[in-house]
>>> print(open('input.csv').read())   # CSV, C-alpha atoms
chain,number,residue,atom,x,y,z
K,1,MET,CA,39.2,72.9,-56.9
K,2,ILE,CA,41.2,73.0,-53.6
K,3,LEU,CA,39.3,76.1,-52.5
K,4,LEU,CA,36.0,74.5,-53.4
K,5,LYS,CA,36.9,71.4,-51.4
K,6,LEU,CA,38.0,73.5,-48.4
K,7,ILE,CA,34.7,75.5,-48.4
K,8,HIS,CA,32.8,72.2,-48.6
K,9,LEU,CA,34.8,70.7,-45.7
K,10,ILE,CA,34.4,73.8,-43.5
K,11,ALA,CA,30.6,73.8,-44.0
K,12,ALA,CA,30.5,70.1,-43.1
K,13,LEU,CA,32.6,70.6,-40.0
K,14,ILE,CA,30.4,73.5,-38.8
K,15,TRP,CA,27.3,71.5,-39.1
K,16,VAL,CA,28.5,68.1,-37.9
K,17,GLY,CA,30.8,69.6,-35.3
K,18,GLY,CA,27.9,71.8,-34.0
K,19,MET,CA,25.7,68.8,-33.7
K,20,PHE,CA,28.4,66.8,-31.9
K,21,LEU,CA,28.9,69.6,-29.4
K,22,ALA,CA,25.2,70.0,-28.8
K,23,TYR,CA,24.4,66.3,-28.5
K,24,VAL,CA,27.4,65.0,-26.6
K,25,VAL,CA,28.6,68.0,-24.5
K,26,LEU,CA,26.0,70.8,-24.1
K,27,ARG,CA,22.9,68.6,-23.6
K,28,PRO,CA,24.3,66.6,-20.6
K,29,ALA,CA,25.7,69.7,-19.1
K,30,ALA,CA,22.4,71.6,-19.4
K,31,VAL,CA,20.5,68.7,-17.9
K,32,GLU,CA,23.0,68.5,-15.0
K,33,THR,CA,22.9,72.2,-14.2
K,34,LEU,CA,19.7,73.8,-15.3
K,35,GLU,CA,16.0,73.5,-14.4
K,36,PRO,CA,13.7,72.8,-17.3
K,37,PRO,CA,12.5,76.4,-17.9
K,38,GLN,CA,16.1,77.7,-18.0
K,39,ARG,CA,17.2,74.6,-20.1
K,40,LEU,CA,14.4,75.2,-22.6
K,41,ARG,CA,15.3,78.9,-22.9
K,42,LEU,CA,18.9,78.0,-23.4
K,43,TRP,CA,18.1,75.5,-26.2
K,44,ASN,CA,15.8,77.9,-27.9
K,45,ALA,CA,18.6,80.5,-27.9
K,46,VAL,CA,21.2,78.0,-29.0
K,47,PHE,CA,19.1,76.8,-31.9
K,48,ARG,CA,18.3,80.3,-33.0
K,49,ARG,CA,22.0,81.0,-33.4
K,50,PHE,CA,23.2,77.6,-34.6
K,51,PHE,CA,20.5,77.2,-37.2
K,52,VAL,CA,21.7,80.3,-39.0
K,53,TRP,CA,25.0,78.5,-39.5
K,54,VAL,CA,23.2,75.3,-40.5
K,55,TRP,CA,21.3,77.2,-43.2
K,56,GLY,CA,24.6,78.3,-44.5
K,57,ALA,CA,25.9,74.7,-44.6
K,58,VAL,CA,22.7,73.6,-46.3
K,59,ALA,CA,23.3,76.1,-49.0
K,60,VAL,CA,27.0,75.6,-49.4
K,61,LEU,CA,27.3,71.8,-49.2
K,62,PRO,CA,25.0,70.8,-52.1
K,63,ALA,CA,26.2,73.7,-54.2
K,64,SER,CA,29.9,73.0,-53.7
K,65,GLY,CA,29.3,69.2,-54.0
K,66,LEU,CA,27.4,69.5,-57.2
K,67,TRP,CA,29.9,72.0,-58.6
K,68,MET,CA,32.8,69.5,-57.8
K,69,ILE,CA,30.8,66.7,-59.5
K,70,MET,CA,30.5,68.9,-62.6
K,71,LEU,CA,34.2,69.7,-62.6
K,72,TYR,CA,35.0,66.0,-62.4
K,73,GLY,CA,32.9,65.4,-65.5
K,74,GLY,CA,29.4,64.7,-64.1
K,75,PHE,CA,27.8,61.9,-62.2
K,76,ALA,CA,28.9,59.3,-64.7
K,77,ARG,CA,32.5,60.0,-64.0
K,78,VAL,CA,32.6,60.2,-60.2
K,79,GLN,CA,33.3,57.3,-57.8
K,80,PRO,CA,30.3,55.5,-56.1
K,81,TYR,CA,31.3,57.0,-52.7
K,82,ILE,CA,30.3,60.4,-54.1
K,83,ASP,CA,26.8,59.2,-54.8
K,84,ILE,CA,26.6,57.8,-51.2
K,85,MET,CA,27.8,61.1,-49.8
K,86,LEU,CA,25.2,63.0,-51.8
K,87,ALA,CA,22.4,60.7,-50.7
K,88,LEU,CA,23.4,61.0,-47.1
K,89,GLY,CA,23.7,64.7,-47.4
K,90,LEU,CA,20.2,65.0,-48.9
K,91,ALA,CA,18.7,62.9,-46.1
K,92,MET,CA,20.4,65.2,-43.6
K,93,ILE,CA,19.0,68.2,-45.3
K,94,ALA,CA,15.5,66.7,-45.3
K,95,ILE,CA,15.7,65.9,-41.6
K,96,TYR,CA,17.0,69.4,-40.8
K,97,GLY,CA,14.2,70.9,-42.8
K,98,HIS,CA,11.7,68.9,-40.7
K,99,VAL,CA,13.4,69.9,-37.4
K,100,TYR,CA,13.5,73.6,-38.4
K,101,PHE,CA,10.1,74.1,-40.0
K,102,THR,CA,8.0,71.9,-37.6
K,103,GLN,CA,9.8,71.1,-34.3
K,104,TYR,CA,12.0,74.2,-33.8
K,105,ARG,CA,9.2,76.7,-34.7
K,106,LYS,CA,6.8,74.8,-32.3
K,107,LEU,CA,9.5,74.8,-29.6
K,108,SER,CA,10.0,78.6,-30.0
K,109,ARG,CA,6.3,79.3,-29.6
K,110,LEU,CA,6.0,77.0,-26.6
K,111,VAL,CA,9.0,78.6,-24.8
K,112,ALA,CA,7.6,82.1,-25.5
K,113,GLY,CA,4.3,81.0,-24.0
K,114,GLN,CA,6.1,79.3,-21.1
K,115,ASN,CA,4.5,76.0,-21.8
K,116,TRP,CA,7.3,74.0,-20.4
K,117,LYS,CA,5.8,70.5,-20.5
K,118,GLU,CA,5.0,70.5,-24.2
K,119,ALA,CA,8.2,72.4,-25.0
K,120,GLY,CA,10.2,69.6,-23.2
K,121,GLU,CA,8.4,67.0,-25.3
K,122,ILE,CA,9.3,68.9,-28.5
K,123,LEU,CA,12.9,69.3,-27.4
K,124,GLY,CA,13.1,65.5,-26.9
K,125,LYS,CA,11.9,65.0,-30.5
K,126,ILE,CA,14.5,67.5,-31.7
K,127,ARG,CA,17.2,65.7,-29.7
K,128,ARG,CA,16.3,62.3,-31.3
K,129,LEU,CA,16.4,63.9,-34.8
K,130,VAL,CA,19.7,65.6,-34.1
K,131,GLY,CA,21.0,62.2,-33.0
K,132,VAL,CA,20.0,60.7,-36.3
K,133,ASN,CA,21.5,63.6,-38.3
K,134,LEU,CA,24.7,63.4,-36.2
K,135,SER,CA,25.0,59.7,-37.0
K,136,LEU,CA,24.4,60.4,-40.7
K,137,GLY,CA,26.9,63.2,-40.7
K,138,LEU,CA,29.6,61.0,-39.1
K,139,LEU,CA,28.8,58.3,-41.5
K,140,THR,CA,29.2,60.7,-44.4
K,141,VAL,CA,32.6,61.7,-43.1
K,142,CYS,CA,33.6,58.1,-42.9
K,143,VAL,CA,32.4,57.5,-46.5
K,144,ALA,CA,34.4,60.5,-47.7
K,145,VAL,CA,37.6,59.5,-46.0
K,146,LEU,CA,37.3,55.8,-46.9
K,147,GLY,CA,36.2,56.6,-50.5
K,148,ILE,CA,39.2,58.9,-51.0
K,149,VAL,CA,41.6,56.3,-49.6
K,150,TRP,CA,40.3,53.4,-51.8
>>> encode(input="input.csv", output="structure tokens")
Amino acid sequence: MILLKLIHLIAALIWVGGMFLAYVVLRPAAVETLEPPQRLRLWNAVFRRFFVWVWGAVAVLPASGLWMIMLYGGFARVQPYIDIMLALGLAMIAIYGHVYFTQYRKLSRLVAGQNWKEAGEILGKIRRLVGVNLSLGLLTVCVAVLGIVW
């Protein structure tokens, strides 16, 4: 069980920590130092690499979470905070799916075609959705910690 919890935690840290770095550190630095074409190319390359790790987290988190629920005796036997974590996690996965399959793919095409204005608009949409997912991720961490304590 401890190894399963560790794998679950590492996957969450990679996803939420990556969003925190991108949203709070990388974005302001990119805006401060790069012109829009270079900034858009940077973000396209960052997403291409980061999203591989997010797909791993999207696979590991529900699988390990559901496995732990089963080991605890099923949904009827777990504390309510586990249900909240699951709901928040599923919402995050849905938002990520939307970002990846619609916004990121569109961004990649626009950057490849050097359509900077539209690519910038899509990047703004991605930024807002990442902000929502970061908030949900941090809330999930708070629920996990407070749920374990109570």
>>> closest_residue(input="input.csv", among="K:Val60, K:Leu107, K:Ala94, K:Leu86", to="Val143 of chain K", atoms="all atoms listed in the file")
K:Leu86
>>> closest_residue(input="input.csv", among="K:Leu6, K:Asn133, K:Ile93, K:Arg105", to="Val58 of chain K", atoms="only C-alpha atoms")
K:Ile93
>>> closest_residue(input="input.csv", among="K:Leu123, K:Gly74, K:Met92, K:Pro36", to="Val16 of chain K", atoms="all atoms listed in the file")
K:Met92
>>> atom_distance(input="input.csv", atom1="atom CA of Tyr72 of chain K", atom2="atom CA of Thr140 of chain K")
19.6 Å
>>> residues_around(input="input.csv", residues="segment 144-146 of chain K", least_positions_apart="3", cutoff="7 Å", atoms="only C-alpha atoms", output="PDB file with C-alpha atoms, in the frame of the given file")
ATOM      1  CA  TYR K  81      31.300  57.000 -52.700  1.00  0.00           C
ATOM      2  CA  MET K  85      27.800  61.100 -49.800  1.00  0.00           C
ATOM      3  CA  THR K 140      29.200  60.700 -44.400  1.00  0.00           C
ATOM      4  CA  VAL K 141      32.600  61.700 -43.100  1.00  0.00           C
ATOM      5  CA  VAL K 149      41.600  56.300 -49.600  1.00  0.00           C
ATOM      6  CA  TRP K 150      40.300  53.400 -51.800  1.00  0.00           C
TER       7      TRP K 150
END
>>> residues_around(input="input.csv", residues="Leu9 of chain K", least_positions_apart="5", cutoff="9 Å", atoms="all atoms listed in the file", output="list in words")
Leu4, Ile14 and Leu61 of chain K
>>> residues_around(input="input.csv", residues="Tyr23 of chain K", least_positions_apart="3", cutoff="9 Å", atoms="only C-alpha atoms", output="PyMOL selection string")
chain K and resi 18-20+26-28+127+130-131+134
>>> closest_residue(input="input.csv", among="K:Ile122, K:Leu88, K:Val99, K:Ile69", to="Lys5 of chain K", atoms="only C-alpha atoms")
K:Ile69
>>> atom_distance(input="input.csv", atom1="atom CA of Ala87 of chain K", atom2="atom CA of Met1 of chain K")
21.7 Å
>>> closest_residue(input="input.csv", among="K:Ile148, K:Ile126, K:Ile10, K:Leu40", to="Gly97 of chain K", atoms="all atoms listed in the file")
K:Ile126
>>> atom_distance(input="input.csv", atom1="atom CA of Trp55 of chain K", atom2="atom CA of Tyr96 of chain K")
9.2 Å
>>> closest_residue(input="input.csv", among="K:Ala30, K:Tyr104, K:Gly113, K:Leu66", to="Phe50 of chain K", atoms="only C-alpha atoms")
K:Tyr104
